[in-house]
Amino acid sequence: MRPFRLPAIVVAALAIGCGAAFAEIPSAGPARLPLAHDPGRTFGLDRGHVLVVEGRIEGTEPVTLVLRIDDDRSTDYGSRANIERTTAPGPFRWDIPVTGLRSTDGRALRTDALRRIILFRTGLSPVTAQLRAEPARGLPGGASGFSFGPVDAPLLPGFERVAPGDPRLAGERMRAIRRPGVDPLTASGIDGVRTVRLAVPGGPLRVTLWTEDPGEWELLPHPLRRRIVVAGRVVRDETLSPEEWLTRRYLAGRDREWRPGDDAWTLYGAHRGGRVTVEVEPRPGEGLLIELSGEGPGARHLSAVLVEPASLNGAALAEVEARRAEWHRAAWTIRPEEEGPPIPVFALDGEDPTEPLRFVGAAGGPAFAAFALTSRKERRVSASIAWSGRPLPASLHAAQVRLERRDVGRNVLVPAEEILRADVSVLPVRTDRPRRYDMVVHVPPDAEPGLRRGEIVFVARGIRRTIPFEAEILPVRLPPTPAPVGFYLDEPPHLAWFGGDREARARRLACDLAVLRRFGLTGNAPAFSTPSPQDRSAFLADARIAAEQGTAGPWLAYAPFKRAVAAQGLAGAAALAATLDRESEAAGLPKTVWSIADEPSNHDGAKGPKPVEIAAAMRAAAPRALLGAQLNNPGDVRHAGVLDVAIVNPGFGIDPARIEALRALGPRVWLYNAGRPRLAAGYWTKLVGAERYLQWHARMPTADPFDPTDGREGDVQIFMPSTEPCAGTGDLHRDLFRLAEGVLDRRWMEWLDGRPEPEAAALRTELVSRFGKIWTAAAKIPDAELDRFRRDAAALARRLNLPPGQGPEGR
C-alpha cells in the first residue's frame, strides 16, 4: 500500500495485509508530528506484535507525546486509548504490547477492529517520528516465560499468559491482580496460588519467579510467613515479625538517594518484583512443580515464571530484566533539577567559618535557616547543636536527594531535596554536590528577647567542624493567624496493618498533631475512626485527642461520613452523625464539618447518593450539622447551596471574584491543595478571606512509600514512615516547613495591618502589587519573594525601635 495523506495532517502510512493483522508495515519514514494511520475502515493488530513509536525530539525542552488508538467502539476520549508520556529531548522509542491495550475508561480495546492510530504532541520542540508494528521479540533459545494475571493484561513480549481457570494452576480463592504504574511483567499476577505445574524440557534448568504484588493506593501487601518450593527445592522460607517486615521491606528504599545517571529503573524498577532464582533438575515426565504457601496478604502471589536451560547461564533472565529496564526508562522522564535560592555553603574539610548562620524569630513561633556542606571526599558525619547559654528547642535535618513525582497523571520525575532526615549520619556529605541541612529553632512563648548564640558541630573521621549561629529573638508577640492552617491526617497505614490497641493508636495520632502544633499548624483535619451505631467511642476519643492538641474548630471529618454511608446506608449514617454531634456538644468538643462529597464532578455518573440527596438526609436528621465538600471544578458550584463549608482549590477557581461569588451563595470558604502551599496558606487566604487552608496529605503513601512510580499518583506524605509509633520530629517532607512559613507570613501581615506607620502601609501595598490577585500569575512567583517581604518588614520594625511586645518577626 502506498503512503497517502489526509488534509492538514502528515500521515505515516501503515500497510495492512488482507487479514485482520499487520503482517508487515512499511512506513513513510520519519516525519514531523502529527502522524496518523486512518484508512477509513477497521483494521487489526496481531496480538503477537508490538506497536513501536520511535523518533527524536529536537531542542532542549521535554515534549508531551500522545498516542491515540481508537477501535470500532471508540466515541470520545474515555472510550479510546490515550497513552501520554512527557519525553526528554533526544531519541526515544516506545514498544507497546498489543495485548493489554485499554481505553482510558478501562475497557479492553478490540485490537482486531481498530479504526485509527494518531501520534501528536504538546509543546514547541520539533518532533520527528514514525509508527510501525513489528513482531515481539522472543526469548533466547530454549527459554519459556509465563505471565500470570488477567487475560487482557499487558504482556511482556516472549511470555505466555496464564490466567485463573488455567488447568496448570491450583489454589483457593484465586484472583487475578492488575496494578498501575509498574512494568507489564510485575504489574499483573494471581493471588491465592497453591501450585503451578508447567511442562518444561529435561535437564538442568534455571528458574526465576517474580513473586511480589506491587500494591495499590495505600496498600503494600505484607506477608509475614512465606514458603516457596520449586521442584522440591525450598527457595524461600521465612517467618517475620511485623517489625522485621517493616524494616526489611516497607522501609527498604528509605536510604536510596538519587545520583547523576540514576533513573526510574536503577532506583525503583530494579528493586521491585520479589525476584528469586534457583537451579533445579525436575524428574523426567513430572514437569516443573512450584508450590506456594504462607500467611498474610500477598503470601501466595505469583506474577511471572521464567524457565531457561542452565546452559544459557542466565541469558534469558538478563534479556527480561533488560526489557523491564527499557520499559521503566521509556515510561518515566527525569526533568532537570530546579534551582532554589542560594544558601550559605561551608567546607567540611576546610576552615571553621567566621560568619555565623543567622536566625530571626519571635516568641511562640519557629525560625528556619538552611546551609550546605561540601567535602573533597565522601564522608558520613554526626552532628550536634550546642548553645552558649540557655538553650532553645532546635532540630537539624539533612536533605535527601530523591526523585519527586509532582503532577498526578504525568510521567515526570524531578530530583529534589524535599525529604528531611532526622538522623543526619545516614546521608554522607558528597563530592558531587553540597549536602543541604535545615535547622529549625522553636522559640517558646515565654522566650526572652535578645541574641542567642551557639554552634553546630559536625564530626567525621579525623575531622571536627563547627558552624557558629546566632538566633535573634525579637521583642514581639505576633497576632495569631485568623485562618488556621493544616494537613489532612490519617493513621499511618503500615502501623494499622498489624493490629494494635486503641492506646497505641491514640499515641500515634496525638504525636502527629503535637508535631504540627509545634510548627503553628492547628487547622488540621484529624484522623477520625469510622463510627458505627455499636461503637461511637473511638470517634469521640479521636475528637478529644484533637482538642487536647489544640486543633482549631470546627474541624473537618474527611472520611468518616462517607465510610458510614457505605456501611450503614444514607439514613443510618445521617442518624449516626446527628448522635455524634449531640455527644460532641455535650462533651464540650468543637463542631464537626462532615465531608459529604469529594470533588463531585470527578464522579459524575457514579452510583450512590448525590450531594443534594445526602444534604437532605443530613438536614432531616441533624438540622444544625455542618456540611462540607471539596470542590475542584467550576461546575461544582451547583452544590454550593447545600453546603455550610465549601472547600475549594484552583481547579474550582480561587481568584477573589470567584470566591466572593461563592460566598454569596451561602457557604463559608476554605481553601485546599493550591499547589503552592506557603503562598496559599498565608497571602492568599488573607487576600480572599478564606477561613482555613488544608493541604493533602500528611500520611498518604502509595504502596511502596519510597517508590513514586508504583501508583496512579505519587506518595503524598509529610511524616515519613517509621517503625516507631511516635517518631517525634523524625523524617519529614519540606512541605511541612512551607506550610509553617505560610502561617508566619500571615501573622506578619496581621501585624502590619495593626501598624499605623506609612512604611507599614507601603509594605502592604508592595506585597499586593508583587503577588497581585490572579492565582495563576501569583503561583509562578518564587517563595523567595515572600522571604524578602519578611526581611523588609523585620527591617522596618527594627527602625521603629518598638518596645517589647509590639515588634515583628522575620527571617
# chains A, B, ... in the order shown; residues from 1 in each chain; ligands from 1
$ residues_around --residues "stretch 730-743 of chain A" --least-positions-apart "6" --cutoff "9 Å" --atoms "only C-alpha atoms" --output "ChimeraX atom specification"
/A:366-368,397,399,417-423,480-481,483-487,516,519-521,676-683,695,698,717-722,786
$ closest_atom_pairs --of "stretch 231-268 of chain A" --to "stretch 700-715 of chain A" --cutoff "7 Å" --atoms "only C-alpha atoms" --output "Markdown table"
| residue | atom | partner | partner_atom | distance |
| --- | --- | --- | --- | --- |
| A:Tyr250 | CA | A:Asp704 | CA | 6.5 |
| A:Gly253 | CA | A:Phe706 | CA | 5.5 |
| A:Arg254 | CA | A:Phe706 | CA | 6.2 |
| A:Tyr268 | CA | A:Asp707 | CA | 6.0 |
$ select_by_dssp --residues "stretch 567-753 of chain A" --states "strand (DSSP E or B)" --output "number ranges by chain"
A: 592-598, 626-631, 645-648, 668-672, 693-695, 699-700, 716-717, 719, 732-733
$ residues_around --residues "A:Val412" --least-positions-apart "5" --cutoff "12 Å" --atoms "only C-alpha atoms" --output "list in words"
Pro62, Val63, Thr64, Glu84, Arg85, Thr86, Thr87, Ala88, Asp263, Ala264, His328, Arg329, Ala330, Ala331, Trp332, Thr333, Ile334, Arg335, Pro336, Glu337, Leu403, Glu404, Arg405, Arg406, Asp407, Pro708, Thr709, Glu713 and Gly714 of chain A
$ residues_around --residues "A:Pro449" --least-positions-apart "2" --cutoff "10 Å" --atoms "only C-alpha atoms" --output "list of chain:residue names"
A:Gly361, A:Ala362, A:Ala363, A:Asp446, A:Ala447, A:Leu451, A:Arg452, A:Glu472, A:Ile473, A:Leu474, A:Pro475, A:Val476, A:Pro804, A:Gly805
$ write_last_selection --atoms "all heavy atoms" --output "mmCIF file, in the first residue's frame"
data_model
loop_
_atom_site.group_PDB
_atom_site.id
_atom_site.type_symbol
_atom_site.label_atom_id
_atom_site.label_comp_id
_atom_site.auth_asym_id
_atom_site.auth_seq_id
_atom_site.Cartn_x
_atom_site.Cartn_y
_atom_site.Cartn_z
ATOM 1 N N GLY A 361 13.664 35.215 64.799
ATOM 2 C CA GLY A 361 12.407 34.621 65.211
ATOM 3 C C GLY A 361 11.715 35.457 66.258
ATOM 4 O O GLY A 361 12.224 36.491 66.693
ATOM 5 N N ALA A 362 10.559 34.992 66.639
ATOM 6 C CA ALA A 362 9.765 35.671 67.650
ATOM 7 C C ALA A 362 9.228 34.634 68.620
ATOM 8 O O ALA A 362 9.113 33.452 68.281
ATOM 9 C CB ALA A 362 8.614 36.442 67.004
ATOM 10 N N ALA A 363 8.903 35.073 69.806
ATOM 11 C CA ALA A 363 8.357 34.161 70.803
ATOM 12 C C ALA A 363 7.105 33.479 70.259
ATOM 13 O O ALA A 363 6.250 34.106 69.650
ATOM 14 C CB ALA A 363 8.027 34.931 72.083
ATOM 15 N N ASP A 446 7.452 32.089 76.049
ATOM 16 C CA ASP A 446 7.995 32.924 77.120
ATOM 17 C C ASP A 446 9.466 33.256 76.926
ATOM 18 O O ASP A 446 10.140 33.706 77.859
ATOM 19 C CB ASP A 446 7.801 32.234 78.466
ATOM 20 C CG ASP A 446 8.494 30.864 78.528
ATOM 21 O OD1 ASP A 446 8.992 30.406 77.479
ATOM 22 O OD2 ASP A 446 8.521 30.261 79.616
ATOM 23 N N ALA A 447 9.999 33.056 75.724
ATOM 24 C CA ALA A 447 11.422 33.323 75.487
ATOM 25 C C ALA A 447 11.720 34.806 75.630
ATOM 26 O O ALA A 447 10.971 35.667 75.157
ATOM 27 C CB ALA A 447 11.815 32.842 74.090
ATOM 28 N N LEU A 451 19.788 38.108 71.752
ATOM 29 C CA LEU A 451 20.598 37.328 70.829
ATOM 30 C C LEU A 451 21.092 36.069 71.525
ATOM 31 O O LEU A 451 21.704 36.138 72.598
ATOM 32 C CB LEU A 451 21.778 38.165 70.347
ATOM 33 C CG LEU A 451 22.494 37.709 69.075
ATOM 34 C CD1 LEU A 451 21.554 37.750 67.885
ATOM 35 C CD2 LEU A 451 23.708 38.598 68.825
ATOM 36 N N ARG A 452 20.809 34.917 70.953
ATOM 37 C CA ARG A 452 21.307 33.644 71.474
ATOM 38 C C ARG A 452 22.346 33.108 70.500
ATOM 39 O O ARG A 452 22.167 33.173 69.286
ATOM 40 C CB ARG A 452 20.172 32.627 71.605
ATOM 41 C CG ARG A 452 18.958 33.119 72.370
ATOM 42 C CD ARG A 452 19.236 33.246 73.854
ATOM 43 N NE ARG A 452 18.036 33.675 74.558
ATOM 44 C CZ ARG A 452 17.112 32.846 75.033
ATOM 45 N NH1 ARG A 452 17.253 31.540 74.869
ATOM 46 N NH2 ARG A 452 16.063 33.313 75.671
ATOM 47 N N GLU A 472 18.399 35.557 66.704
ATOM 48 C CA GLU A 472 17.882 36.821 67.220
ATOM 49 C C GLU A 472 16.399 36.648 67.560
ATOM 50 O O GLU A 472 15.581 36.379 66.674
ATOM 51 C CB GLU A 472 18.046 37.931 66.173
ATOM 52 C CG GLU A 472 17.528 39.275 66.658
ATOM 53 C CD GLU A 472 17.543 40.328 65.565
ATOM 54 O OE1 GLU A 472 17.877 39.989 64.414
ATOM 55 O OE2 GLU A 472 17.203 41.492 65.879
ATOM 56 N N ILE A 473 16.068 36.808 68.835
ATOM 57 C CA ILE A 473 14.687 36.717 69.287
ATOM 58 C C ILE A 473 14.178 38.140 69.479
ATOM 59 O O ILE A 473 14.609 38.859 70.384
ATOM 60 C CB ILE A 473 14.563 35.922 70.602
ATOM 61 C CG1 ILE A 473 15.347 34.603 70.519
ATOM 62 C CG2 ILE A 473 13.094 35.677 70.924
ATOM 63 C CD1 ILE A 473 14.951 33.730 69.366
ATOM 64 N N LEU A 474 13.296 38.545 68.602
ATOM 65 C CA LEU A 474 12.792 39.916 68.624
ATOM 66 C C LEU A 474 11.738 40.092 69.722
ATOM 67 O O LEU A 474 11.031 39.143 70.066
ATOM 68 C CB LEU A 474 12.200 40.274 67.264
ATOM 69 C CG LEU A 474 13.193 40.303 66.107
ATOM 70 C CD1 LEU A 474 12.460 40.382 64.787
ATOM 71 C CD2 LEU A 474 14.162 41.459 66.259
ATOM 72 N N PRO A 475 11.600 41.280 70.236
ATOM 73 C CA PRO A 475 10.626 41.534 71.306
ATOM 74 C C PRO A 475 9.213 41.679 70.738
ATOM 75 O O PRO A 475 8.676 42.789 70.614
ATOM 76 C CB PRO A 475 11.128 42.848 71.914
ATOM 77 C CG PRO A 475 11.789 43.556 70.788
ATOM 78 C CD PRO A 475 12.409 42.483 69.923
ATOM 79 N N VAL A 476 8.614 40.553 70.353
ATOM 80 C CA VAL A 476 7.346 40.611 69.639
ATOM 81 C C VAL A 476 6.349 39.626 70.216
ATOM 82 O O VAL A 476 6.720 38.629 70.837
ATOM 83 C CB VAL A 476 7.528 40.299 68.145
ATOM 84 C CG1 VAL A 476 8.447 41.285 67.479
ATOM 85 C CG2 VAL A 476 8.023 38.900 67.965
ATOM 86 N N PRO A 804 9.131 46.104 73.834
ATOM 87 C CA PRO A 804 8.796 44.678 73.848
ATOM 88 C C PRO A 804 7.298 44.447 73.734
ATOM 89 O O PRO A 804 6.490 45.160 74.311
ATOM 90 C CB PRO A 804 9.336 44.202 75.207
ATOM 91 C CG PRO A 804 10.430 45.172 75.532
ATOM 92 C CD PRO A 804 9.978 46.499 74.972
ATOM 93 N N GLY A 805 6.965 43.411 72.948
ATOM 94 C CA GLY A 805 5.565 43.043 72.786
ATOM 95 C C GLY A 805 4.881 43.692 71.616
ATOM 96 O O GLY A 805 3.733 43.403 71.327
#
$ select_by_dssp --residues "stretch 745-787 of chain A" --states "alpha helix (DSSP H)" --output "compact mmCIF listing (two decimals) with all heavy atoms, in the first residue's frame"
# COMPACT_ATOMS: atom_id res chain seq x y z
N ASP A 745 4.03 34.01 57.52
CA ASP A 745 3.74 35.12 56.59
C ASP A 745 2.43 35.80 56.97
O ASP A 745 2.35 37.04 57.02
CB ASP A 745 3.64 34.60 55.15
CG ASP A 745 4.95 34.09 54.59
OD1 ASP A 745 6.01 34.43 55.13
OD2 ASP A 745 4.90 33.31 53.62
N ARG A 746 1.41 35.00 57.24
CA ARG A 746 0.10 35.57 57.56
C ARG A 746 0.13 36.33 58.88
O ARG A 746 -0.46 37.43 59.01
CB ARG A 746 -0.95 34.45 57.61
CG ARG A 746 -2.37 34.95 57.94
CD ARG A 746 -2.91 35.84 56.83
NE ARG A 746 -4.17 36.48 57.19
CZ ARG A 746 -5.39 35.97 56.96
NH1 ARG A 746 -5.50 34.77 56.39
NH2 ARG A 746 -6.46 36.63 57.30
N ARG A 747 0.80 35.80 59.86
CA ARG A 747 0.91 36.50 61.15
C ARG A 747 1.65 37.82 60.98
O ARG A 747 1.31 38.83 61.60
CB ARG A 747 1.61 35.62 62.17
CG ARG A 747 0.84 34.35 62.53
CD ARG A 747 1.61 33.48 63.49
NE ARG A 747 1.73 34.12 64.80
CZ ARG A 747 2.52 33.66 65.76
NH1 ARG A 747 3.29 32.59 65.55
NH2 ARG A 747 2.58 34.30 66.93
N TRP A 748 2.62 37.80 60.14
CA TRP A 748 3.38 39.01 59.82
C TRP A 748 2.48 40.06 59.15
O TRP A 748 2.53 41.25 59.45
CB TRP A 748 4.52 38.59 58.92
CG TRP A 748 5.53 39.60 58.54
CD1 TRP A 748 5.96 39.84 57.29
CD2 TRP A 748 6.28 40.45 59.39
NE1 TRP A 748 6.92 40.80 57.28
CE2 TRP A 748 7.14 41.19 58.58
CE3 TRP A 748 6.31 40.66 60.76
CZ2 TRP A 748 8.02 42.14 59.08
CZ3 TRP A 748 7.19 41.61 61.27
CH2 TRP A 748 8.03 42.33 60.42
N MET A 749 1.64 39.59 58.21
CA MET A 749 0.70 40.51 57.55
C MET A 749 -0.31 41.09 58.55
O MET A 749 -0.66 42.28 58.47
CB MET A 749 -0.04 39.77 56.43
CG MET A 749 0.84 39.31 55.29
SD MET A 749 -0.06 38.19 54.16
CE MET A 749 1.31 37.29 53.43
N GLU A 750 -0.74 40.26 59.48
CA GLU A 750 -1.67 40.76 60.50
C GLU A 750 -0.99 41.82 61.36
O GLU A 750 -1.63 42.81 61.75
CB GLU A 750 -2.17 39.61 61.37
CG GLU A 750 -3.01 38.57 60.64
CD GLU A 750 -4.25 39.18 60.02
OE1 GLU A 750 -4.98 39.90 60.72
OE2 GLU A 750 -4.48 38.93 58.81
N TRP A 751 0.27 41.63 61.66
CA TRP A 751 0.98 42.64 62.44
C TRP A 751 1.05 43.96 61.67
O TRP A 751 0.82 45.03 62.23
CB TRP A 751 2.39 42.15 62.78
CG TRP A 751 3.21 43.18 63.51
CD1 TRP A 751 3.19 43.45 64.84
CD2 TRP A 751 4.14 44.10 62.92
NE1 TRP A 751 4.06 44.47 65.13
CE2 TRP A 751 4.66 44.88 63.97
CE3 TRP A 751 4.59 44.32 61.63
CZ2 TRP A 751 5.60 45.89 63.75
CZ3 TRP A 751 5.53 45.32 61.42
CH2 TRP A 751 6.02 46.09 62.47
N LEU A 752 1.36 43.88 60.38
CA LEU A 752 1.42 45.09 59.58
C LEU A 752 0.07 45.81 59.54
O LEU A 752 0.02 47.05 59.56
CB LEU A 752 1.86 44.75 58.15
CG LEU A 752 3.34 44.51 57.90
CD1 LEU A 752 3.56 44.13 56.45
CD2 LEU A 752 4.18 45.71 58.28
N ASP A 753 -1.01 45.03 59.49
CA ASP A 753 -2.34 45.64 59.47
C ASP A 753 -2.59 46.48 60.72
O ASP A 753 -3.38 47.43 60.69
CB ASP A 753 -3.43 44.57 59.36
CG ASP A 753 -3.58 44.04 57.94
OD1 ASP A 753 -2.97 44.63 57.03
OD2 ASP A 753 -4.29 43.03 57.76
N PRO A 758 3.22 54.96 57.90
CA PRO A 758 3.16 54.93 56.42
C PRO A 758 4.03 53.83 55.83
O PRO A 758 3.69 53.26 54.79
CB PRO A 758 3.66 56.32 56.01
CG PRO A 758 3.42 57.18 57.21
CD PRO A 758 3.60 56.30 58.40
N GLU A 759 5.17 53.53 56.50
CA GLU A 759 6.03 52.48 55.97
C GLU A 759 5.34 51.13 55.98
O GLU A 759 5.54 50.31 55.08
CB GLU A 759 7.33 52.40 56.80
CG GLU A 759 8.18 53.67 56.73
CD GLU A 759 7.86 54.63 57.86
OE1 GLU A 759 6.72 54.59 58.39
OE2 GLU A 759 8.75 55.40 58.23
N ALA A 760 4.51 50.88 57.01
CA ALA A 760 3.76 49.62 57.06
C ALA A 760 2.75 49.55 55.92
O ALA A 760 2.60 48.52 55.27
CB ALA A 760 3.07 49.47 58.41
N ALA A 761 2.06 50.67 55.68
CA ALA A 761 1.09 50.70 54.58
C ALA A 761 1.80 50.49 53.24
O ALA A 761 1.28 49.81 52.34
CB ALA A 761 0.35 52.03 54.58
N ALA A 762 3.00 51.04 53.10
CA ALA A 762 3.75 50.87 51.86
C ALA A 762 4.13 49.41 51.63
O ALA A 762 4.08 48.91 50.50
CB ALA A 762 5.00 51.74 51.89
N LEU A 763 4.51 48.72 52.72
CA LEU A 763 4.85 47.30 52.57
C LEU A 763 3.62 46.47 52.19
O LEU A 763 3.71 45.55 51.38
CB LEU A 763 5.45 46.77 53.87
CG LEU A 763 6.95 46.99 54.06
CD1 LEU A 763 7.39 46.42 55.40
CD2 LEU A 763 7.73 46.33 52.93
N ARG A 764 2.47 46.80 52.77
CA ARG A 764 1.24 46.08 52.41
C ARG A 764 0.92 46.29 50.93
O ARG A 764 0.56 45.36 50.22
CB ARG A 764 0.08 46.55 53.29
CG ARG A 764 0.21 46.18 54.75
CD ARG A 764 -1.12 46.34 55.49
NE ARG A 764 -1.63 47.71 55.46
CZ ARG A 764 -1.36 48.62 56.39
NH1 ARG A 764 -0.58 48.31 57.42
NH2 ARG A 764 -1.88 49.84 56.31
N THR A 765 1.05 47.53 50.48
CA THR A 765 0.77 47.83 49.08
C THR A 765 1.76 47.13 48.15
O THR A 765 1.37 46.58 47.11
CB THR A 765 0.84 49.35 48.85
OG1 THR A 765 -0.13 49.99 49.69
CG2 THR A 765 0.58 49.70 47.40
N GLU A 766 3.02 47.11 48.56
CA GLU A 766 4.05 46.46 47.75
C GLU A 766 3.78 44.96 47.63
O GLU A 766 3.97 44.36 46.56
CB GLU A 766 5.42 46.69 48.36
CG GLU A 766 6.57 46.08 47.56
CD GLU A 766 7.91 46.26 48.23
OE1 GLU A 766 7.99 47.04 49.20
OE2 GLU A 766 8.87 45.61 47.78
N LEU A 767 3.31 44.34 48.72
CA LEU A 767 3.04 42.91 48.71
C LEU A 767 1.94 42.58 47.70
O LEU A 767 2.07 41.65 46.88
CB LEU A 767 2.64 42.44 50.10
CG LEU A 767 2.35 40.95 50.26
CD1 LEU A 767 3.62 40.13 50.05
CD2 LEU A 767 1.75 40.65 51.64
N VAL A 768 0.85 43.33 47.73
CA VAL A 768 -0.25 43.09 46.80
C VAL A 768 0.18 43.38 45.37
O VAL A 768 -0.18 42.67 44.43
CB VAL A 768 -1.48 43.94 47.19
CG1 VAL A 768 -2.59 43.76 46.16
CG2 VAL A 768 -1.99 43.52 48.57
N SER A 769 0.99 44.44 45.22
CA SER A 769 1.47 44.77 43.88
C SER A 769 2.35 43.65 43.32
O SER A 769 2.29 43.33 42.13
CB SER A 769 2.25 46.08 43.92
OG SER A 769 2.82 46.36 42.67
N ARG A 770 3.15 43.02 44.20
CA ARG A 770 4.07 41.98 43.74
C ARG A 770 3.33 40.70 43.38
O ARG A 770 3.58 40.06 42.35
CB ARG A 770 5.11 41.67 44.82
CG ARG A 770 6.12 40.59 44.43
CD ARG A 770 7.05 41.11 43.35
NE ARG A 770 7.97 40.08 42.87
CZ ARG A 770 7.78 39.34 41.79
NH1 ARG A 770 6.68 39.48 41.06
NH2 ARG A 770 8.69 38.45 41.42
N PHE A 771 2.37 40.27 44.22
CA PHE A 771 1.70 38.98 44.01
C PHE A 771 0.36 39.12 43.30
O PHE A 771 -0.13 38.15 42.72
CB PHE A 771 1.54 38.25 45.34
CG PHE A 771 2.82 37.64 45.84
CD1 PHE A 771 3.66 38.34 46.68
CD2 PHE A 771 3.20 36.39 45.42
CE1 PHE A 771 4.85 37.79 47.13
CE2 PHE A 771 4.38 35.83 45.85
CZ PHE A 771 5.22 36.53 46.71
N TRP A 775 -4.49 34.07 40.70
CA TRP A 775 -3.73 32.96 41.27
C TRP A 775 -2.72 32.39 40.28
O TRP A 775 -1.58 32.11 40.66
CB TRP A 775 -4.67 31.85 41.74
CG TRP A 775 -3.91 30.64 42.15
CD1 TRP A 775 -3.74 29.49 41.45
CD2 TRP A 775 -3.14 30.49 43.35
NE1 TRP A 775 -2.93 28.61 42.14
CE2 TRP A 775 -2.54 29.20 43.31
CE3 TRP A 775 -2.91 31.30 44.46
CZ2 TRP A 775 -1.73 28.72 44.34
CZ3 TRP A 775 -2.09 30.81 45.48
CH2 TRP A 775 -1.51 29.55 45.42
N THR A 776 -3.11 32.19 39.04
CA THR A 776 -2.19 31.56 38.09
C THR A 776 -0.92 32.38 37.91
O THR A 776 0.15 31.83 37.67
CB THR A 776 -2.87 31.36 36.73
OG1 THR A 776 -3.43 32.60 36.29
CG2 THR A 776 -3.98 30.32 36.83
N ALA A 777 -1.03 33.71 38.02
CA ALA A 777 0.16 34.56 37.92
C ALA A 777 0.95 34.53 39.21
O ALA A 777 2.19 34.41 39.21
CB ALA A 777 -0.25 35.98 37.57
N ALA A 778 0.27 34.62 40.34
CA ALA A 778 0.97 34.64 41.63
C ALA A 778 1.71 33.33 41.87
O ALA A 778 2.79 33.32 42.47
CB ALA A 778 -0.04 34.90 42.74
N ALA A 784 10.93 32.89 47.39
CA ALA A 784 11.97 33.82 47.81
C ALA A 784 11.44 35.25 47.92
O ALA A 784 11.96 36.04 48.72
CB ALA A 784 13.13 33.78 46.80
N GLU A 785 10.40 35.58 47.17
CA GLU A 785 9.81 36.91 47.28
C GLU A 785 9.10 37.08 48.62
O GLU A 785 9.05 38.19 49.16
CB GLU A 785 8.84 37.16 46.13
CG GLU A 785 9.52 37.34 44.79
CD GLU A 785 10.43 38.57 44.78
OE1 GLU A 785 9.96 39.66 45.15
OE2 GLU A 785 11.60 38.43 44.42
N LEU A 786 8.55 36.02 49.15
CA LEU A 786 7.96 36.09 50.49
C LEU A 786 9.04 36.21 51.55
O LEU A 786 8.86 36.90 52.57
CB LEU A 786 7.09 34.86 50.75
CG LEU A 786 5.82 34.77 49.89
CD1 LEU A 786 5.19 33.39 50.02
CD2 LEU A 786 4.82 35.86 50.30
N ASP A 787 10.18 35.56 51.35
CA ASP A 787 11.31 35.76 52.26
C ASP A 787 11.73 37.22 52.27
O ASP A 787 11.99 37.81 53.33
CB ASP A 787 12.50 34.91 51.83
CG ASP A 787 12.23 33.42 51.94
OD1 ASP A 787 11.32 33.03 52.70
OD2 ASP A 787 12.94 32.64 51.27
$ residues_around --residues "stretch 555-564 of chain A" --least-positions-apart "3" --cutoff "6 Å" --atoms "only C-alpha atoms" --output "mmCIF file with N, CA and C atoms, in the first residue's frame"
data_model
loop_
_atom_site.group_PDB
_atom_site.id
_atom_site.type_symbol
_atom_site.label_atom_id
_atom_site.label_comp_id
_atom_site.auth_asym_id
_atom_site.auth_seq_id
_atom_site.Cartn_x
_atom_site.Cartn_y
_atom_site.Cartn_z
ATOM 1 N N ALA A 525 -7.254 18.500 59.564
ATOM 2 C CA ALA A 525 -8.409 17.602 59.512
ATOM 3 C C ALA A 525 -7.991 16.324 60.219
ATOM 4 N N THR A 530 -13.858 5.467 61.853
ATOM 5 C CA THR A 530 -15.186 5.377 61.263
ATOM 6 C C THR A 530 -16.172 4.927 62.335
ATOM 7 N N ALA A 567 -21.367 1.703 54.898
ATOM 8 C CA ALA A 567 -21.650 0.612 55.835
ATOM 9 C C ALA A 567 -23.090 0.615 56.333
ATOM 10 N N GLN A 568 -23.661 1.820 56.558
ATOM 11 C CA GLN A 568 -24.961 1.925 57.223
ATOM 12 C C GLN A 568 -26.083 2.386 56.304
ATOM 13 N N ALA A 573 -26.319 6.593 58.320
ATOM 14 C CA ALA A 573 -25.158 7.458 58.518
ATOM 15 C C ALA A 573 -25.586 8.839 59.006
ATOM 16 N N THR A 592 -18.121 19.458 64.265
ATOM 17 C CA THR A 592 -17.530 18.725 63.153
ATOM 18 C C THR A 592 -18.143 19.202 61.842
ATOM 19 N N VAL A 593 -17.293 19.420 60.850
ATOM 20 C CA VAL A 593 -17.764 19.643 59.479
ATOM 21 C C VAL A 593 -17.713 18.287 58.783
ATOM 22 N N TRP A 594 -18.885 17.733 58.457
ATOM 23 C CA TRP A 594 -18.959 16.415 57.831
ATOM 24 C C TRP A 594 -18.761 16.560 56.311
ATOM 25 N N SER A 595 -17.714 15.949 55.807
ATOM 26 C CA SER A 595 -17.475 15.979 54.357
ATOM 27 C C SER A 595 -18.442 15.017 53.686
#
